[in-house]
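Printed here is coords-v4.txt (compact mmCIF, N, CA and C atoms):
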```
# COMPACT_ATOMS: atom_id res chain seq x y z
N MET J 14 -1.81 -29.58 -16.57
CA MET J 14 -1.10 -28.79 -15.58
C MET J 14 -2.11 -28.05 -14.70
N LYS J 15 -1.94 -28.15 -13.40
CA LYS J 15 -2.85 -27.52 -12.45
C LYS J 15 -2.55 -26.02 -12.36
N PRO J 16 -3.60 -25.18 -12.44
CA PRO J 16 -3.34 -23.74 -12.36
C PRO J 16 -2.84 -23.34 -10.97
N GLN J 17 -1.96 -22.34 -10.93
CA GLN J 17 -1.45 -21.85 -9.65
C GLN J 17 -2.59 -21.20 -8.89
N SER J 18 -2.62 -21.46 -7.59
CA SER J 18 -3.67 -20.87 -6.77
C SER J 18 -3.06 -20.28 -5.51
N MET J 19 -3.88 -19.50 -4.81
CA MET J 19 -3.43 -18.84 -3.58
C MET J 19 -4.58 -18.83 -2.58
N LYS J 20 -4.22 -18.66 -1.34
CA LYS J 20 -5.23 -18.53 -0.30
C LYS J 20 -5.98 -17.22 -0.50
N ALA J 21 -7.18 -17.17 0.03
CA ALA J 21 -7.98 -15.94 -0.07
C ALA J 21 -7.26 -14.77 0.59
N GLU J 22 -6.52 -15.04 1.66
CA GLU J 22 -5.78 -13.98 2.36
C GLU J 22 -4.75 -13.32 1.43
N THR J 23 -4.04 -14.14 0.66
CA THR J 23 -3.05 -13.62 -0.28
C THR J 23 -3.74 -12.83 -1.39
N ALA J 24 -4.83 -13.36 -1.90
CA ALA J 24 -5.58 -12.67 -2.96
C ALA J 24 -6.09 -11.33 -2.45
N ALA J 25 -6.58 -11.29 -1.21
CA ALA J 25 -7.08 -10.04 -0.64
C ALA J 25 -5.97 -9.00 -0.56
N LYS J 26 -4.77 -9.42 -0.16
CA LYS J 26 -3.64 -8.49 -0.10
C LYS J 26 -3.33 -7.93 -1.49
N LYS J 27 -3.34 -8.82 -2.48
CA LYS J 27 -3.05 -8.38 -3.85
C LYS J 27 -4.13 -7.45 -4.38
N LEU J 28 -5.36 -7.62 -3.90
CA LEU J 28 -6.47 -6.76 -4.32
C LEU J 28 -6.55 -5.48 -3.50
N GLY J 29 -5.78 -5.40 -2.40
CA GLY J 29 -5.79 -4.21 -1.55
C GLY J 29 -7.04 -4.09 -0.71
N ILE J 30 -7.60 -5.25 -0.30
CA ILE J 30 -8.82 -5.23 0.52
C ILE J 30 -8.59 -5.97 1.82
N LEU J 31 -9.46 -5.71 2.76
CA LEU J 31 -9.43 -6.38 4.05
C LEU J 31 -10.21 -7.68 3.91
N LEU J 32 -9.55 -8.80 4.15
CA LEU J 32 -10.17 -10.11 3.96
C LEU J 32 -11.45 -10.24 4.79
N GLU J 33 -11.42 -9.78 6.02
CA GLU J 33 -12.58 -9.92 6.91
C GLU J 33 -13.81 -9.20 6.37
N ALA J 34 -13.62 -8.21 5.51
CA ALA J 34 -14.75 -7.45 4.96
C ALA J 34 -15.27 -8.04 3.66
N ALA J 35 -14.55 -9.01 3.10
CA ALA J 35 -14.96 -9.63 1.84
C ALA J 35 -16.11 -10.61 2.09
N PRO J 36 -16.87 -10.91 1.06
CA PRO J 36 -17.96 -11.89 1.21
C PRO J 36 -17.43 -13.27 1.61
N GLU J 37 -18.26 -14.01 2.31
CA GLU J 37 -17.88 -15.34 2.81
C GLU J 37 -17.40 -16.25 1.70
N GLU J 38 -18.06 -16.23 0.54
CA GLU J 38 -17.65 -17.13 -0.54
C GLU J 38 -16.23 -16.82 -1.02
N PHE J 39 -15.81 -15.56 -0.94
CA PHE J 39 -14.43 -15.20 -1.29
C PHE J 39 -13.48 -15.66 -0.19
N ARG J 40 -13.84 -15.40 1.07
CA ARG J 40 -12.97 -15.75 2.20
C ARG J 40 -12.73 -17.25 2.29
N ALA J 41 -13.72 -18.04 1.90
CA ALA J 41 -13.62 -19.49 2.02
C ALA J 41 -13.00 -20.14 0.78
N SER J 42 -12.65 -19.33 -0.22
CA SER J 42 -12.21 -19.91 -1.48
C SER J 42 -10.70 -19.95 -1.61
N VAL J 43 -10.27 -20.73 -2.60
CA VAL J 43 -8.90 -20.72 -3.07
C VAL J 43 -8.98 -20.02 -4.42
N VAL J 44 -8.11 -19.04 -4.64
CA VAL J 44 -8.18 -18.20 -5.84
C VAL J 44 -7.04 -18.54 -6.79
N THR J 45 -7.38 -18.80 -8.03
CA THR J 45 -6.33 -19.06 -9.02
C THR J 45 -5.82 -17.73 -9.54
N ARG J 46 -4.68 -17.77 -10.20
CA ARG J 46 -4.12 -16.54 -10.78
C ARG J 46 -5.07 -15.96 -11.84
N ASP J 47 -5.73 -16.85 -12.61
CA ASP J 47 -6.68 -16.38 -13.61
C ASP J 47 -7.87 -15.69 -12.96
N GLU J 48 -8.35 -16.26 -11.85
CA GLU J 48 -9.48 -15.64 -11.14
C GLU J 48 -9.07 -14.29 -10.56
N LEU J 49 -7.85 -14.21 -10.03
CA LEU J 49 -7.36 -12.94 -9.50
C LEU J 49 -7.28 -11.90 -10.61
N ALA J 50 -6.74 -12.31 -11.75
CA ALA J 50 -6.63 -11.38 -12.89
C ALA J 50 -8.02 -10.91 -13.32
N ALA J 51 -9.00 -11.80 -13.30
CA ALA J 51 -10.36 -11.44 -13.68
C ALA J 51 -10.96 -10.45 -12.67
N LEU J 52 -10.69 -10.67 -11.39
CA LEU J 52 -11.18 -9.74 -10.36
C LEU J 52 -10.54 -8.36 -10.52
N GLN J 53 -9.26 -8.33 -10.89
CA GLN J 53 -8.58 -7.05 -11.08
C GLN J 53 -9.07 -6.34 -12.34
N ALA J 54 -9.29 -7.10 -13.40
CA ALA J 54 -9.69 -6.51 -14.68
C ALA J 54 -11.13 -6.05 -14.67
N ASP J 55 -12.00 -6.82 -14.04
CA ASP J 55 -13.43 -6.51 -14.04
C ASP J 55 -13.99 -6.78 -12.65
N PRO J 56 -13.72 -5.87 -11.69
CA PRO J 56 -14.11 -6.14 -10.30
C PRO J 56 -15.63 -6.19 -10.13
N PRO J 57 -16.10 -7.17 -9.36
CA PRO J 57 -17.54 -7.22 -9.05
C PRO J 57 -17.91 -6.06 -8.13
N GLU J 58 -19.19 -5.83 -7.98
CA GLU J 58 -19.68 -4.70 -7.18
C GLU J 58 -19.14 -4.72 -5.75
N TRP J 59 -19.09 -5.90 -5.11
CA TRP J 59 -18.62 -5.97 -3.72
C TRP J 59 -17.17 -5.50 -3.62
N LEU J 60 -16.36 -5.82 -4.62
CA LEU J 60 -14.95 -5.44 -4.59
C LEU J 60 -14.81 -3.94 -4.83
N GLU J 61 -15.56 -3.40 -5.77
CA GLU J 61 -15.51 -1.96 -6.01
C GLU J 61 -15.95 -1.18 -4.76
N THR J 62 -16.99 -1.66 -4.11
CA THR J 62 -17.49 -1.00 -2.89
C THR J 62 -16.44 -1.04 -1.79
N LEU J 63 -15.82 -2.21 -1.59
CA LEU J 63 -14.78 -2.32 -0.56
C LEU J 63 -13.61 -1.38 -0.85
N ARG J 64 -13.19 -1.33 -2.10
CA ARG J 64 -12.07 -0.45 -2.46
C ARG J 64 -12.44 1.01 -2.28
N ARG J 65 -13.69 1.34 -2.54
CA ARG J 65 -14.14 2.73 -2.47
C ARG J 65 -14.40 3.16 -1.02
N GLU J 66 -15.08 2.29 -0.24
CA GLU J 66 -15.57 2.69 1.08
C GLU J 66 -14.81 2.08 2.25
N GLY J 67 -14.11 0.97 2.01
CA GLY J 67 -13.41 0.29 3.08
C GLY J 67 -14.35 -0.64 3.83
N PRO J 68 -13.93 -1.13 4.96
CA PRO J 68 -12.70 -0.82 5.69
C PRO J 68 -11.46 -1.28 4.92
N HIS J 69 -10.39 -0.50 5.10
CA HIS J 69 -9.16 -0.73 4.36
C HIS J 69 -8.10 -1.38 5.25
N PRO J 70 -7.25 -2.24 4.67
CA PRO J 70 -6.14 -2.82 5.44
C PRO J 70 -5.06 -1.77 5.71
N ARG J 71 -4.19 -2.06 6.66
CA ARG J 71 -3.16 -1.11 7.11
C ARG J 71 -2.35 -0.49 5.97
N PRO J 72 -1.83 -1.28 5.02
CA PRO J 72 -1.01 -0.65 3.98
C PRO J 72 -1.80 0.38 3.15
N VAL J 73 -3.08 0.11 2.94
CA VAL J 73 -3.91 1.05 2.17
C VAL J 73 -4.19 2.30 3.01
N VAL J 74 -4.49 2.10 4.30
CA VAL J 74 -4.72 3.24 5.20
C VAL J 74 -3.47 4.11 5.24
N ALA J 75 -2.31 3.49 5.40
CA ALA J 75 -1.05 4.25 5.47
C ALA J 75 -0.84 5.04 4.18
N ALA J 76 -1.06 4.41 3.04
CA ALA J 76 -0.86 5.10 1.76
C ALA J 76 -1.83 6.27 1.61
N LYS J 77 -3.08 6.06 1.98
CA LYS J 77 -4.08 7.13 1.84
C LYS J 77 -3.78 8.30 2.78
N LEU J 78 -3.19 8.00 3.94
CA LEU J 78 -2.84 9.07 4.88
C LEU J 78 -1.47 9.68 4.60
N GLY J 79 -0.69 9.02 3.73
CA GLY J 79 0.64 9.55 3.40
C GLY J 79 1.66 9.31 4.49
N VAL J 80 1.50 8.18 5.20
CA VAL J 80 2.45 7.82 6.26
C VAL J 80 2.88 6.38 6.08
N SER J 81 3.83 5.94 6.89
CA SER J 81 4.29 4.55 6.85
C SER J 81 3.40 3.69 7.76
N ASN J 82 3.53 2.37 7.61
CA ASN J 82 2.83 1.47 8.53
C ASN J 82 3.29 1.71 9.96
N SER J 83 4.58 1.97 10.13
CA SER J 83 5.11 2.25 11.47
C SER J 83 4.52 3.54 12.01
N GLY J 84 4.32 4.51 11.13
CA GLY J 84 3.71 5.77 11.54
C GLY J 84 2.29 5.57 12.05
N LEU J 85 1.56 4.66 11.41
CA LEU J 85 0.21 4.35 11.90
C LEU J 85 0.29 3.80 13.32
N ALA J 86 1.22 2.88 13.53
CA ALA J 86 1.36 2.28 14.85
C ALA J 86 1.73 3.34 15.89
N ARG J 87 2.67 4.21 15.54
CA ARG J 87 3.06 5.28 16.48
C ARG J 87 1.89 6.20 16.76
N GLY J 88 1.00 6.36 15.78
CA GLY J 88 -0.18 7.20 15.97
C GLY J 88 -1.31 6.50 16.70
N GLY J 89 -1.12 5.23 17.00
CA GLY J 89 -2.13 4.49 17.74
C GLY J 89 -3.24 3.91 16.86
N VAL J 90 -3.04 3.92 15.54
CA VAL J 90 -4.05 3.37 14.64
C VAL J 90 -3.75 1.88 14.48
N THR J 91 -4.59 1.06 15.08
CA THR J 91 -4.37 -0.38 15.05
C THR J 91 -5.48 -1.11 14.30
N GLU J 92 -6.60 -0.45 14.11
CA GLU J 92 -7.75 -1.08 13.44
C GLU J 92 -7.86 -0.58 12.01
N PRO J 93 -8.50 -1.36 11.14
CA PRO J 93 -8.77 -0.89 9.77
C PRO J 93 -9.65 0.36 9.82
N LEU J 94 -9.48 1.24 8.85
CA LEU J 94 -10.30 2.45 8.78
C LEU J 94 -11.11 2.46 7.49
N THR J 95 -12.26 3.11 7.56
CA THR J 95 -13.06 3.30 6.36
C THR J 95 -12.58 4.54 5.62
N THR J 96 -13.04 4.71 4.41
CA THR J 96 -12.69 5.90 3.64
C THR J 96 -13.16 7.16 4.36
N ALA J 97 -14.36 7.11 4.94
CA ALA J 97 -14.90 8.27 5.67
C ALA J 97 -14.01 8.63 6.86
N GLU J 98 -13.52 7.62 7.58
CA GLU J 98 -12.64 7.87 8.73
C GLU J 98 -11.31 8.46 8.27
N ILE J 99 -10.80 7.98 7.15
CA ILE J 99 -9.54 8.50 6.61
C ILE J 99 -9.73 9.96 6.19
N LYS J 100 -10.83 10.25 5.51
CA LYS J 100 -11.11 11.64 5.08
C LYS J 100 -11.25 12.56 6.29
N ALA J 101 -11.87 12.07 7.36
CA ALA J 101 -12.02 12.89 8.57
C ALA J 101 -10.65 13.19 9.18
N LEU J 102 -9.76 12.21 9.20
CA LEU J 102 -8.41 12.44 9.73
C LEU J 102 -7.66 13.46 8.87
N LEU J 103 -7.82 13.36 7.54
CA LEU J 103 -7.12 14.30 6.65
C LEU J 103 -7.71 15.71 6.75
N ALA J 104 -9.01 15.80 7.02
CA ALA J 104 -9.66 17.11 7.12
C ALA J 104 -9.23 17.85 8.38
N ALA J 105 -9.05 17.12 9.47
CA ALA J 105 -8.63 17.73 10.74
C ALA J 105 -7.53 16.84 11.34
N PRO J 106 -6.31 16.93 10.76
CA PRO J 106 -5.26 16.00 11.18
C PRO J 106 -4.81 16.21 12.62
N PRO J 107 -4.77 15.12 13.38
CA PRO J 107 -4.21 15.22 14.73
C PRO J 107 -2.71 15.44 14.66
N ALA J 108 -2.12 15.82 15.77
CA ALA J 108 -0.68 16.14 15.80
C ALA J 108 0.18 14.98 15.31
N TRP J 109 -0.16 13.75 15.68
CA TRP J 109 0.65 12.61 15.25
C TRP J 109 0.66 12.48 13.74
N LEU J 110 -0.48 12.76 13.09
CA LEU J 110 -0.56 12.63 11.64
C LEU J 110 0.27 13.71 10.95
N VAL J 111 0.21 14.92 11.46
CA VAL J 111 1.03 16.00 10.91
C VAL J 111 2.51 15.63 11.00
N GLN J 112 2.92 15.12 12.17
CA GLN J 112 4.33 14.73 12.39
C GLN J 112 4.73 13.59 11.47
N GLU J 113 3.90 12.57 11.36
CA GLU J 113 4.24 11.41 10.53
C GLU J 113 4.28 11.76 9.05
N ARG J 114 3.39 12.65 8.62
CA ARG J 114 3.42 13.07 7.21
C ARG J 114 4.69 13.85 6.92
N ALA J 115 5.12 14.67 7.88
CA ALA J 115 6.36 15.42 7.72
C ALA J 115 7.56 14.46 7.68
N THR J 116 7.53 13.46 8.53
CA THR J 116 8.60 12.46 8.55
C THR J 116 8.64 11.73 7.21
N GLN J 117 7.48 11.33 6.71
CA GLN J 117 7.41 10.60 5.45
C GLN J 117 7.91 11.48 4.30
N ALA J 118 7.56 12.75 4.31
CA ALA J 118 8.02 13.67 3.26
C ALA J 118 9.55 13.80 3.32
N ALA J 119 10.10 13.86 4.51
CA ALA J 119 11.56 13.96 4.66
C ALA J 119 12.24 12.69 4.15
N VAL J 120 11.65 11.54 4.43
CA VAL J 120 12.21 10.27 3.95
C VAL J 120 12.19 10.24 2.43
N ARG J 121 11.07 10.66 1.82
CA ARG J 121 10.99 10.68 0.36
C ARG J 121 12.01 11.64 -0.24
N ALA J 122 12.17 12.82 0.36
CA ALA J 122 13.14 13.80 -0.13
C ALA J 122 14.55 13.25 -0.04
N GLU J 123 14.86 12.55 1.05
CA GLU J 123 16.20 11.97 1.22
C GLU J 123 16.44 10.87 0.18
N LYS J 124 15.44 10.05 -0.10
CA LYS J 124 15.59 9.01 -1.12
C LYS J 124 15.88 9.63 -2.49
N ILE J 125 15.20 10.72 -2.80
CA ILE J 125 15.41 11.40 -4.08
C ILE J 125 16.83 11.98 -4.12
N ARG J 126 17.26 12.60 -3.01
CA ARG J 126 18.60 13.18 -2.95
C ARG J 126 19.67 12.11 -3.16
N VAL J 127 19.53 10.99 -2.50
CA VAL J 127 20.51 9.90 -2.61
C VAL J 127 20.51 9.34 -4.04
N ALA J 128 19.32 9.19 -4.61
CA ALA J 128 19.23 8.66 -5.98
C ALA J 128 19.92 9.61 -6.97
N GLU J 129 19.71 10.91 -6.80
CA GLU J 129 20.36 11.91 -7.67
C GLU J 129 21.87 11.87 -7.50
N ARG J 130 22.32 11.78 -6.24
CA ARG J 130 23.76 11.71 -5.97
C ARG J 130 24.36 10.48 -6.64
N ASP J 131 23.70 9.34 -6.48
CA ASP J 131 24.21 8.10 -7.07
C ASP J 131 24.22 8.18 -8.59
N LYS J 132 23.21 8.83 -9.15
CA LYS J 132 23.14 9.00 -10.61
C LYS J 132 24.31 9.87 -11.10
N GLU J 133 24.60 10.94 -10.38
CA GLU J 133 25.72 11.81 -10.74
C GLU J 133 27.05 11.06 -10.64
N ARG J 134 27.23 10.28 -9.58
CA ARG J 134 28.47 9.51 -9.41
C ARG J 134 28.63 8.50 -10.55
N ALA J 135 27.54 7.84 -10.91
CA ALA J 135 27.59 6.85 -11.99
C ALA J 135 27.93 7.54 -13.31
N ALA J 136 27.37 8.74 -13.52
CA ALA J 136 27.65 9.47 -14.76
C ALA J 136 29.12 9.89 -14.81
N ARG J 137 29.68 10.30 -13.67
CA ARG J 137 31.10 10.68 -13.64
C ARG J 137 31.99 9.47 -13.94
N ARG J 138 31.65 8.32 -13.34
CA ARG J 138 32.45 7.11 -13.58
C ARG J 138 32.35 6.69 -15.04
N ALA J 139 31.18 6.77 -15.61
CA ALA J 139 30.97 6.36 -17.01
C ALA J 139 31.62 7.36 -17.96
N GLY J 140 31.79 8.59 -17.50
CA GLY J 140 32.33 9.63 -18.36
C GLY J 140 33.82 9.53 -18.60
N GLY J 141 34.48 8.63 -17.96
CA GLY J 141 35.92 8.46 -18.21
C GLY J 141 36.75 8.81 -16.99
N GLY J 142 38.03 8.58 -17.12
CA GLY J 142 38.98 8.72 -16.03
C GLY J 142 39.04 10.12 -15.46
N GLY J 143 39.13 11.13 -16.30
CA GLY J 143 39.13 12.50 -15.84
C GLY J 143 40.17 12.80 -14.78
N GLY J 144 41.38 13.16 -15.15
CA GLY J 144 42.38 13.70 -14.24
C GLY J 144 42.95 12.72 -13.24
N GLY J 145 43.84 13.25 -12.42
CA GLY J 145 44.42 12.53 -11.30
C GLY J 145 45.18 11.26 -11.65
N GLY J 146 46.29 11.37 -12.31
CA GLY J 146 47.10 10.22 -12.62
C GLY J 146 47.78 9.61 -11.41
N GLY J 147 47.91 10.39 -10.35
CA GLY J 147 48.52 9.87 -9.13
C GLY J 147 50.04 9.89 -9.21
N VAL J 148 50.69 9.38 -8.20
CA VAL J 148 52.15 9.40 -8.11
C VAL J 148 52.73 8.06 -8.38
```
Please go through the file and, once you have read it, give me the structure as structure tokens.
Amino acid sequence: MKPQSMKAETAAKKLGILLEAAPEEFRASVVTRDELAALQADPPEWLETLRREGPHPRPVVAAKLGVSNSGLARGGVTEPLTTAEIKALLAAPPAWLVQERATQAAVRAEKIRVAERDKERAARRAGGGGGGGGV
């Protein structure tokens, strides 16, 4: 049976790295699931350095800044950022970043509120009929 494999681009996404910043031998390769697991379990120096210093892909940049991918776009961030650039933005956040972080916090709070409401409704339904026989 042939082991499952993936393009280097897919493996890079799963590793949370920017493919263009990876070594040529990685970019030109096909990665098996076992090789991916080995990279995750025991990352080589180049992978640790990329994860630590960047440049980072958009989803990683967004997560490190505490905003959505859409928030990055609204803020005009279209290129990958390094860890140093991300730290500089967090140290002296521009107005767009303050706004997007507030938006993201509100979205998270709303998700929690809805989840709690749904949990309470489910508990009431599971708790039995409770009143109201109707006409």
Env of Val43 (chain J): 9 Å cut, atoms = only C-alpha atoms, seq-sep filter 6 positions within chain, self excluded. Answer as a list in words. Ser18, Met19, Lys20, Ala21 and Ala24 of chain J
If we count only C-alpha atoms, what is near Pro72 (chain J) at a cut-off of 8 Å, once residues fewer than 3 positions away on the same chain are taken out, given as a list in words?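 Selected residues are Ala75, Ala76, Ser81 and Asn82 of chain J.
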Just the number, please: distance in Å from CA of His69 (chain J) to CA of Arg87 (chain J), one decimal.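 Spanning CA of His69 (chain J) to CA of Arg87 (chain J) is a straight-line distance of 18.2 Å.
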Length of the atom N of Gly84 (chain J) to atom N of Ala118 (chain J) vector [Å]: 11.2 Å
Got a sec: who's within 8 Å of region 25-36 of chain J, counting only N, CA and C atoms, leaving out chain neighbours fewer than 3 positions off, as a PyMOL selection string? chain J and resi 19-22+39-42+49+52-53+59-60+63-64+67-73+93
Just give me the gap between CA of Glu37 (chain J) and CA of Gly89 (chain J) in Å, one decimal is fine. 29.4 Å
